>>> print(open('run-v1.pdb').read())   # PDB, C-alpha atoms and all ligand atoms
ATOM      1  CA  MET A   4     -13.971   8.267  -6.549
ATOM      2  CA  SER A   5     -12.126  11.296  -5.272
ATOM      3  CA  THR A   6     -10.643  14.101  -7.298
ATOM      4  CA  ILE A   7      -6.845  14.217  -7.204
ATOM      5  CA  LEU A   8      -6.341  17.163  -9.556
ATOM      6  CA  ASP A   9      -8.896  19.943  -9.956
ATOM      7  CA  ILE A  10      -8.259  22.487 -12.708
ATOM      8  CA  ASP A  11     -10.823  25.226 -12.275
ATOM      9  CA  GLY A  12     -11.342  28.091 -14.694
ATOM     10  CA  VAL A  13      -7.736  28.326 -15.902
ATOM     11  CA  ASN A  14      -6.840  31.027 -18.439
ATOM     12  CA  LYS A  15      -3.414  31.636 -19.947
ATOM     13  CA  THR A  16      -2.430  34.183 -22.579
ATOM     14  CA  PHE A  17       0.867  34.747 -24.388
ATOM     15  CA  GLY A  18       0.753  38.347 -25.581
ATOM     16  CA  GLY A  19      -2.415  38.501 -27.668
ATOM     17  CA  LEU A  20      -2.769  34.724 -27.936
ATOM     18  CA  HIS A  21      -5.364  33.147 -25.672
ATOM     19  CA  ALA A  22      -3.733  29.717 -25.230
ATOM     20  CA  LEU A  23      -6.117  28.435 -22.509
ATOM     21  CA  ARG A  24      -9.712  29.623 -22.105
ATOM     22  CA  ASP A  25     -11.608  28.863 -18.932
ATOM     23  CA  VAL A  26     -10.359  25.278 -18.668
ATOM     24  CA  HIS A  27     -12.214  23.081 -16.150
ATOM     25  CA  LEU A  28     -11.017  19.526 -15.645
ATOM     26  CA  LYS A  29     -11.160  17.077 -12.745
ATOM     27  CA  ILE A  30      -8.814  14.088 -12.666
ATOM     28  CA  GLU A  31     -10.131  11.260 -10.478
ATOM     29  CA  GLN A  32      -7.934   9.019  -8.357
ATOM     30  CA  GLY A  33      -6.841   5.870 -10.209
ATOM     31  CA  GLU A  34      -7.965   6.859 -13.675
ATOM     32  CA  THR A  35      -5.953   7.186 -16.863
ATOM     33  CA  HIS A  36      -7.138  10.401 -18.458
ATOM     34  CA  ALA A  37      -6.040  11.282 -21.978
ATOM     35  CA  ILE A  38      -5.968  14.866 -23.231
ATOM     36  CA  ILE A  39      -6.130  15.039 -26.999
ATOM     37  CA  GLY A  40      -6.402  17.867 -29.489
ATOM     38  CA  PRO A  41      -4.683  19.281 -32.564
ATOM     39  CA  ASN A  42      -1.205  20.800 -32.416
ATOM     40  CA  GLY A  43      -1.283  24.199 -30.751
ATOM     41  CA  ALA A  44      -4.529  23.408 -28.872
ATOM     42  CA  GLY A  45      -2.855  24.213 -25.536
ATOM     43  CA  LYS A  46      -2.141  20.717 -24.156
ATOM     44  CA  SER A  47       1.453  21.372 -23.071
ATOM     45  CA  THR A  48       0.505  24.816 -21.758
ATOM     46  CA  LEU A  49      -2.140  23.187 -19.568
ATOM     47  CA  LEU A  50       0.355  20.673 -18.198
ATOM     48  CA  ASN A  51       2.897  23.437 -17.581
ATOM     49  CA  CYS A  52       0.274  25.406 -15.623
ATOM     50  CA  CYS A  53      -0.229  22.338 -13.404
ATOM     51  CA  ILE A  54       3.441  21.668 -12.669
ATOM     52  CA  GLY A  55       4.552  25.226 -11.920
ATOM     53  CA  ARG A  56       6.441  25.957 -15.124
ATOM     54  CA  LEU A  57       3.789  28.507 -16.092
ATOM     55  CA  ILE A  58       1.503  30.588 -13.897
ATOM     56  CA  PRO A  59      -2.083  30.882 -15.177
ATOM     57  CA  ASP A  60      -3.500  34.395 -15.607
ATOM     58  CA  SER A  61      -6.547  33.270 -13.633
ATOM     59  CA  GLY A  62      -8.158  30.129 -12.257
ATOM     60  CA  SER A  63      -6.915  27.556  -9.781
ATOM     61  CA  VAL A  64      -5.075  24.234  -9.806
ATOM     62  CA  THR A  65      -5.670  22.068  -6.723
ATOM     63  CA  PHE A  66      -3.644  18.886  -6.316
ATOM     64  CA  ASP A  67      -4.322  16.454  -3.487
ATOM     65  CA  GLY A  68      -6.296  19.200  -1.720
ATOM     66  CA  ASN A  69      -3.563  21.863  -1.995
ATOM     67  CA  ASN A  70      -3.438  24.952  -4.184
ATOM     68  CA  MET A  71      -0.497  24.634  -6.604
ATOM     69  CA  ILE A  72      -0.541  28.152  -8.049
ATOM     70  CA  GLY A  73       2.656  29.958  -7.135
ATOM     71  CA  MET A  74       4.400  26.807  -5.930
ATOM     72  CA  LYS A  75       7.841  26.085  -7.388
ATOM     73  CA  ALA A  76       8.131  23.313  -9.970
ATOM     74  CA  HIS A  77      10.361  21.138  -7.797
ATOM     75  CA  ASP A  78       8.047  21.512  -4.779
ATOM     76  CA  ILE A  79       5.112  20.374  -6.921
ATOM     77  CA  ASN A  80       7.189  17.440  -8.125
ATOM     78  CA  HIS A  81       8.045  16.651  -4.512
ATOM     79  CA  ALA A  82       4.347  16.821  -3.580
ATOM     80  CA  GLY A  83       3.779  13.895  -5.970
ATOM     81  CA  MET A  84       2.812  15.371  -9.342
ATOM     82  CA  VAL A  85       5.514  14.109 -11.690
ATOM     83  CA  ARG A  86       5.815  14.918 -15.372
ATOM     84  CA  VAL A  87       7.796  12.938 -17.902
ATOM     85  CA  PHE A  88       8.505  13.217 -21.614
ATOM     86  CA  GLN A  89       8.380  15.606 -24.513
ATOM     87  CA  THR A  90      11.645  17.294 -23.565
ATOM     88  CA  PRO A  91      14.413  14.758 -22.895
ATOM     89  CA  GLU A  92      15.223  15.090 -19.227
ATOM     90  CA  ILE A  93      17.778  12.410 -18.597
ATOM     91  CA  PHE A  94      21.415  12.907 -17.548
ATOM     92  CA  PRO A  95      23.213  11.805 -20.746
ATOM     93  CA  ASP A  96      26.697  11.716 -19.175
ATOM     94  CA  LEU A  97      25.689   9.508 -16.256
ATOM     95  CA  ASP A  98      24.952   5.805 -16.448
ATOM     96  CA  LEU A  99      21.409   4.421 -16.305
ATOM     97  CA  LEU A 100      21.666   3.334 -12.682
ATOM     98  CA  GLN A 101      22.750   6.833 -11.624
ATOM     99  CA  ASN A 102      19.957   8.338 -13.714
ATOM    100  CA  VAL A 103      17.347   6.361 -11.787
ATOM    101  CA  MET A 104      18.978   6.763  -8.345
ATOM    102  CA  ILE A 105      19.185  10.563  -8.543
ATOM    103  CA  PRO A 106      15.422  11.288  -8.705
ATOM    104  CA  ALA A 107      14.846   8.739  -5.914
ATOM    105  CA  LEU A 108      17.408  10.545  -3.738
ATOM    106  CA  ALA A 109      16.063  13.967  -4.686
ATOM    107  CA  LYS A 110      12.605  12.792  -3.676
ATOM    108  CA  ARG A 111      13.863  11.594  -0.296
ATOM    109  CA  GLU A 112      15.994  14.676   0.365
ATOM    110  CA  GLY A 113      13.433  17.152  -1.010
ATOM    111  CA  THR A 114      16.189  18.869  -2.987
ATOM    112  CA  PHE A 115      18.598  18.326  -5.853
ATOM    113  CA  SER A 116      21.436  20.002  -3.954
ATOM    114  CA  PHE A 117      23.468  17.000  -2.958
ATOM    115  CA  ASN A 118      26.606  15.627  -4.544
ATOM    116  CA  PRO A 119      25.457  12.444  -6.297
ATOM    117  CA  PHE A 120      29.007  11.198  -6.744
ATOM    118  CA  LYS A 121      29.634  11.188  -3.012
ATOM    119  CA  THR A 122      26.212   9.879  -2.099
ATOM    120  CA  LEU A 123      25.125   7.210  -4.597
ATOM    121  CA  ALA A 124      27.652   4.545  -3.615
ATOM    122  CA  LYS A 125      26.396   4.566  -0.011
ATOM    123  CA  GLU A 126      22.732   4.265  -0.857
ATOM    124  CA  LYS A 127      22.179   0.519  -0.851
ATOM    125  CA  ALA A 128      18.366   0.592  -0.583
ATOM    126  CA  ILE A 129      17.979   3.145  -3.357
ATOM    127  CA  HIS A 130      20.546   1.268  -5.451
ATOM    128  CA  ASP A 131      18.533  -1.930  -5.151
ATOM    129  CA  GLU A 132      15.237  -0.230  -5.924
ATOM    130  CA  ALA A 133      16.825   1.509  -8.929
ATOM    131  CA  MET A 134      18.079  -1.848 -10.259
ATOM    132  CA  GLU A 135      14.634  -3.369  -9.787
ATOM    133  CA  THR A 136      13.028  -0.433 -11.546
ATOM    134  CA  LEU A 137      15.479  -0.741 -14.438
ATOM    135  CA  ALA A 138      14.597  -4.441 -14.648
ATOM    136  CA  ASP A 139      10.870  -3.608 -14.802
ATOM    137  CA  PHE A 140      11.670  -1.539 -17.877
ATOM    138  CA  GLU A 141      14.029  -4.153 -19.362
ATOM    139  CA  LEU A 142      16.947  -1.759 -18.952
ATOM    140  CA  ASP A 143      18.915  -3.528 -16.209
ATOM    141  CA  LYS A 144      21.389  -5.058 -18.630
ATOM    142  CA  PHE A 145      22.403  -1.492 -19.631
ATOM    143  CA  HIS A 146      22.716  -0.221 -16.067
ATOM    144  CA  ASN A 147      26.340   0.890 -16.460
ATOM    145  CA  LYS A 148      25.945   2.369 -19.956
ATOM    146  CA  LEU A 149      25.826   6.140 -20.368
ATOM    147  CA  ALA A 150      22.253   7.333 -20.771
ATOM    148  CA  GLY A 151      23.249   9.446 -23.760
ATOM    149  CA  SER A 152      24.383   6.348 -25.662
ATOM    150  CA  ILE A 153      21.189   4.246 -25.630
ATOM    151  CA  SER A 154      18.467   4.218 -28.299
ATOM    152  CA  ARG A 155      15.626   6.725 -28.375
ATOM    153  CA  GLY A 156      13.041   4.152 -27.296
ATOM    154  CA  ASP A 157      15.283   3.067 -24.402
ATOM    155  CA  LYS A 158      15.726   6.724 -23.356
ATOM    156  CA  ARG A 159      11.966   7.122 -23.183
ATOM    157  CA  ARG A 160      11.687   4.028 -21.001
ATOM    158  CA  LEU A 161      14.522   5.353 -18.821
ATOM    159  CA  GLU A 162      12.551   8.573 -18.303
ATOM    160  CA  LEU A 163       9.510   6.559 -17.327
ATOM    161  CA  ALA A 164      11.650   4.619 -14.816
ATOM    162  CA  MET A 165      12.953   7.937 -13.418
ATOM    163  CA  GLY A 166       9.362   9.090 -12.955
ATOM    164  CA  LEU A 167       8.143   5.847 -11.443
ATOM    165  CA  ILE A 168      10.883   5.587  -8.814
ATOM    166  CA  GLN A 169       9.544   8.819  -7.309
ATOM    167  CA  HIS A 170       6.301   6.965  -6.461
ATOM    168  CA  PRO A 171       4.142   9.717  -7.928
ATOM    169  CA  THR A 172       0.574  10.296  -6.806
ATOM    170  CA  LEU A 173      -0.115  11.572 -10.316
ATOM    171  CA  LEU A 174       2.014  10.893 -13.368
ATOM    172  CA  LEU A 175       1.740  13.351 -16.270
ATOM    173  CA  LEU A 176       2.927  11.983 -19.601
ATOM    174  CA  ASP A 177       3.409  14.448 -22.439
ATOM    175  CA  GLU A 178       3.331  12.514 -25.722
ATOM    176  CA  PRO A 179       4.977   9.337 -24.384
ATOM    177  CA  THR A 180       5.167   7.706 -27.811
ATOM    178  CA  ALA A 181       6.024  10.710 -30.013
ATOM    179  CA  GLY A 182       8.594   9.721 -32.615
ATOM    180  CA  MET A 183       8.540   6.056 -31.629
ATOM    181  CA  ALA A 184       8.381   3.140 -34.025
ATOM    182  CA  ARG A 185       5.260   0.955 -33.687
ATOM    183  CA  HIS A 186       7.181  -1.757 -31.836
ATOM    184  CA  ASP A 187       8.363   0.690 -29.134
ATOM    185  CA  THR A 188       4.914   2.276 -28.970
ATOM    186  CA  ASN A 189       3.331  -1.101 -28.256
ATOM    187  CA  ARG A 190       5.978  -1.836 -25.637
ATOM    188  CA  THR A 191       5.191   1.472 -23.941
ATOM    189  CA  ILE A 192       1.460   0.709 -23.983
ATOM    190  CA  ASP A 193       2.174  -2.670 -22.360
ATOM    191  CA  LEU A 194       4.325  -1.025 -19.681
ATOM    192  CA  LEU A 195       1.698   1.584 -18.867
ATOM    193  CA  LYS A 196      -0.885  -1.207 -18.580
ATOM    194  CA  SER A 197       1.378  -3.455 -16.497
ATOM    195  CA  GLU A 198       0.559  -4.329 -12.902
ATOM    196  CA  LYS A 199       2.974  -1.725 -11.497
ATOM    197  CA  MET A 200       1.446   1.123 -13.440
ATOM    198  CA  SER A 201      -2.145   0.286 -14.278
ATOM    199  CA  ASN A 202      -3.636   1.614 -11.029
ATOM    200  CA  MET A 203      -1.527   4.752 -10.898
ATOM    201  CA  THR A 204      -3.401   7.964 -11.702
ATOM    202  CA  LYS A 205      -2.148   9.197 -15.064
ATOM    203  CA  VAL A 206      -2.769  12.086 -17.410
ATOM    204  CA  ILE A 207      -1.571  11.328 -20.917
ATOM    205  CA  ILE A 208      -1.248  13.844 -23.700
ATOM    206  CA  GLU A 209      -1.093  11.889 -26.922
ATOM    207  CA  HIS A 210      -1.595  12.252 -30.649
ATOM    208  CA  ASP A 211      -1.679   8.573 -31.487
ATOM    209  CA  MET A 212      -5.318   7.445 -31.260
ATOM    210  CA  HIS A 213      -4.253   3.799 -30.986
ATOM    211  CA  VAL A 214      -2.398   4.702 -27.752
ATOM    212  CA  VAL A 215      -5.276   6.871 -26.479
ATOM    213  CA  PHE A 216      -7.936   4.225 -27.043
ATOM    214  CA  SER A 217      -5.701   1.450 -25.657
ATOM    215  CA  LEU A 218      -5.077   3.236 -22.353
ATOM    216  CA  ALA A 219      -7.636   5.890 -21.489
ATOM    217  CA  ASP A 220     -10.514   5.459 -19.042
ATOM    218  CA  ARG A 221     -11.678   8.960 -19.973
ATOM    219  CA  ILE A 222     -10.679  11.439 -22.638
ATOM    220  CA  SER A 223     -10.841  15.236 -22.754
ATOM    221  CA  VAL A 224     -10.628  17.064 -26.047
ATOM    222  CA  LEU A 225      -8.929  20.434 -26.156
ATOM    223  CA  ALA A 226      -9.480  22.694 -29.166
ATOM    224  CA  ARG A 227      -8.146  26.255 -29.373
ATOM    225  CA  GLY A 228      -7.538  26.393 -25.640
ATOM    226  CA  HIS A 229     -10.980  25.173 -24.624
ATOM    227  CA  ILE A 230     -12.180  21.755 -23.475
ATOM    228  CA  ILE A 231     -14.974  20.863 -25.880
ATOM    229  CA  ALA A 232     -15.757  17.376 -24.525
ATOM    230  CA  THR A 233     -14.889  14.987 -21.693
ATOM    231  CA  GLY A 234     -16.104  11.397 -21.637
ATOM    232  CA  THR A 235     -15.391   7.713 -22.024
ATOM    233  CA  PRO A 236     -13.620   6.590 -25.208
ATOM    234  CA  ASP A 237     -16.982   5.528 -26.689
ATOM    235  CA  GLU A 238     -18.616   8.836 -25.821
ATOM    236  CA  ILE A 239     -15.738  10.746 -27.389
ATOM    237  CA  LYS A 240     -15.739   8.594 -30.539
ATOM    238  CA  ASN A 241     -19.405   9.385 -31.048
ATOM    239  CA  ASP A 242     -19.357  13.067 -30.073
ATOM    240  CA  GLN A 243     -20.293  15.235 -33.034
ATOM    241  CA  LYS A 244     -18.435  18.285 -31.681
ATOM    242  CA  VAL A 245     -15.275  16.215 -31.454
ATOM    243  CA  LYS A 246     -15.714  14.784 -34.928
ATOM    244  CA  ASP A 247     -16.206  18.285 -36.299
ATOM    245  CA  ALA A 248     -13.381  19.931 -34.407
ATOM    246  CA  TYR A 249     -10.752  17.268 -34.373
ATOM    247  CA  LEU A 250     -11.093  13.652 -35.401
ATOM    248  CA  GLY A 251     -12.571  14.484 -38.791
ATOM    249  CA  GLU A 252      -9.829  16.956 -39.646
ATOM    250  CA  GLY A 253      -7.159  14.362 -40.239
ATOM    251  CA  ASP A 254      -5.152  16.441 -37.722
ATOM    252  CA  ASP A 255      -1.495  17.130 -38.173
ATOM    253  CA  GLU A 256       0.183  13.765 -37.757
TER     254      GLU A 256
HETATM  255  P1  LIG B 301      -0.018  21.767 -27.806
HETATM  256  O1  LIG B 301       0.829  21.195 -26.740
HETATM  257  O2  LIG B 301      -1.458  21.404 -27.719
HETATM  258  O3  LIG B 301       0.513  21.490 -29.197
HETATM  259  P2  LIG B 301       0.882  24.304 -26.751
HETATM  260  O4  LIG B 301       0.347  24.337 -25.384
HETATM  261  O5  LIG B 301       2.329  23.985 -26.927
HETATM  262  O6  LIG B 301      -0.014  23.369 -27.672
HETATM  263  O7  LIG B 301       0.642  25.734 -27.429
HETATM  264  C1  LIG B 301      -0.613  26.402 -27.411
HETATM  265  C2  LIG B 301      -0.464  27.743 -28.107
HETATM  266  O8  LIG B 301       0.328  28.608 -27.284
HETATM  267  C3  LIG B 301       0.253  27.659 -29.443
HETATM  268  O9  LIG B 301      -0.320  28.612 -30.306
HETATM  269  C4  LIG B 301       1.679  28.022 -29.091
HETATM  270  O10 LIG B 301       2.332  28.606 -30.191
HETATM  271  C5  LIG B 301       1.496  29.032 -27.967
HETATM  272  N1  LIG B 301       2.587  29.014 -26.988
HETATM  273  C6  LIG B 301       2.946  27.960 -26.210
HETATM  274  N2  LIG B 301       3.957  28.295 -25.385
HETATM  275  C7  LIG B 301       4.248  29.595 -25.648
HETATM  276  C8  LIG B 301       5.197  30.548 -25.124
HETATM  277  N3  LIG B 301       6.038  30.189 -24.146
HETATM  278  N4  LIG B 301       5.207  31.794 -25.644
HETATM  279  C9  LIG B 301       4.340  32.138 -26.620
HETATM  280  N5  LIG B 301       3.415  31.315 -27.151
HETATM  281  C10 LIG B 301       3.366  30.061 -26.679
HETATM  282 MG    MG B 302       2.556  19.949 -26.793
END
>>> encode(input="run-v1.pdb", output="structure tokens")
Amino acid sequence: MSTILDIDGVNKTFGGLHALRDVHLKIEQGETHAIIGPNGAGKSTLLNCCIGRLIPDSGSVTFDGNNMIGMKAHDINHAGMVRVFQTPEIFPDLDLLQNVMIPALAKREGTFSFNPFKTLAKEKAIHDEAMETLADFELDKFHNKLAGSISRGDKRRLELAMGLIQHPTLLLLDEPTAGMARHDTNRTIDLLKSEKMSNMTKVIIEHDMHVVFSLADRISVLARGHIIATGTPDEIKNDQKVKDAYLGEGDDE
């Protein structure tokens, strides 16, 4: 196995708050790696340090052999590290087909500075791939509906489609099932396990242990900004430090 993402000694403070403390984590090619931990543990901060939204105070983030620190968020995205979820990042006033075509075009062009209304109609190949991608997510029948008008579960699947059409090397999912009903959660699990997605390298931040144990090859537990354990689901289930710090607490949700 080769390491696709190497987080080495990352620290991040906000004023007096030490949100990440000497975080070391290696994500291996092809694995699904879950990061769990109570609210406020630093999970989103860690992801934001990887994708260029935050700059760590110290430490390094190496993706696909390249140092990511100081790179702009959209350049990191273009390099193949794609984040979806937690904040809704769809275009509510465009239809679903346009929503999926735009990230595909942005990926090809390496920029968002094009006029989608002039361009989309001429892009037959991207149009066809976007329709196929919508079909994979059972959204094709809504392709000409405005993205803002579909249900919450459908919006989440749309975001996943927008991530997938960029052919990411590494997909980062921040709480993909937060706020979902059980039915939509199970649908999302099935999608993430489907043939198209099962071999893609993924990092999943998730509260729902059913989702974590259904999907993860390995799990890392973050508590108060520090990784206290990394291991297989069985190792994590039986780790006394984890039981003490997290699983035994009943957590927050
Ligand atoms: P998680 O995603 O695990 O719930 P976060 O990474 O969002 O945790 O937050 C970790 C800690 O850092 C929390 O105490 C949070 O309040 C704080 N924090 C996160 N982002 C900021 C910010 N931009 N400014 C100040 N404090 C922040
Ligand atoms: Mg978070």
>>> closest_atom_pairs(input="run-v1.pdb", of="stretch 12-126 of chain A", to="stretch 155-172 of chain A", cutoff="8 Å", atoms="only C-alpha atoms", output="CSV")
residue,atom,partner,partner_atom,distance
A:Gly83,CA,A:Pro171,CA,4.6
A:Met84,CA,A:Pro171,CA,6.0
A:Val85,CA,A:Pro171,CA,5.9
A:Arg86,CA,A:Gly166,CA,7.2
A:Val87,CA,A:Gly166,CA,6.5
A:Phe88,CA,A:Glu162,CA,7.0
A:Pro91,CA,A:Glu162,CA,7.9
A:Glu92,CA,A:Glu162,CA,7.1
A:Ile93,CA,A:Glu162,CA,6.5
A:Leu99,CA,A:Leu161,CA,7.4
A:Asn102,CA,A:Met165,CA,7.0
A:Val103,CA,A:Met165,CA,4.9
A:Met104,CA,A:Met165,CA,8.0
A:Pro106,CA,A:Met165,CA,6.3
A:Ala107,CA,A:Gln169,CA,5.5
A:Lys110,CA,A:Gln169,CA,6.2
>>> residues_near_ligand(input="run-v1.pdb", ligand="ligand LIG 301 (chain B)", cutoff="12 Å", atoms="only C-alpha atoms and all ligand atoms", output="ChimeraX atom specification")
/A:14-24,38-52,56-58,89-90,176-178,207-210,224-230,254-256
>>> atom_distance(input="run-v1.pdb", atom1="atom CA of A:Asp211", atom2="atom CA of A:Ala181")
8.1 Å
>>> atom_distance(input="run-v1.pdb", atom1="atom CA of A:Lys246", atom2="atom CA of A:Val64")
28.9 Å
>>> resolve_selection(input="run-v1.pdb", expression="the PyMOL selection byres (((chain A and resi 244) around 12) and not hetatm)", output="list of chain:residue names")
A:Val224, A:Leu225, A:Ala226, A:Ile230, A:Ile231, A:Ala232, A:Thr233, A:Glu238, A:Ile239, A:Lys240, A:Asn241, A:Asp242, A:Gln243, A:Val245, A:Lys246, A:Asp247, A:Ala248, A:Tyr249, A:Leu250, A:Gly251, A:Glu252
>>> residues_around(input="run-v1.pdb", residues="stretch 6-11 of chain A", least_positions_apart="6", cutoff="9 Å", atoms="all atoms listed in the file", output="PyMOL selection string")
chain A and resi 25-33+53+62-68+172-173+204
>>> atom_distance(input="run-v1.pdb", atom1="atom CA of A:Ser201", atom2="atom CA of A:Asp187")
18.2 Å
>>> closest_residue(input="run-v1.pdb", among="A:Asn70, A:Asn80, A:Ile192, A:Pro179", to="ligand MG 302 (chain B)", atoms="all atoms listed in the file")
A:Pro179
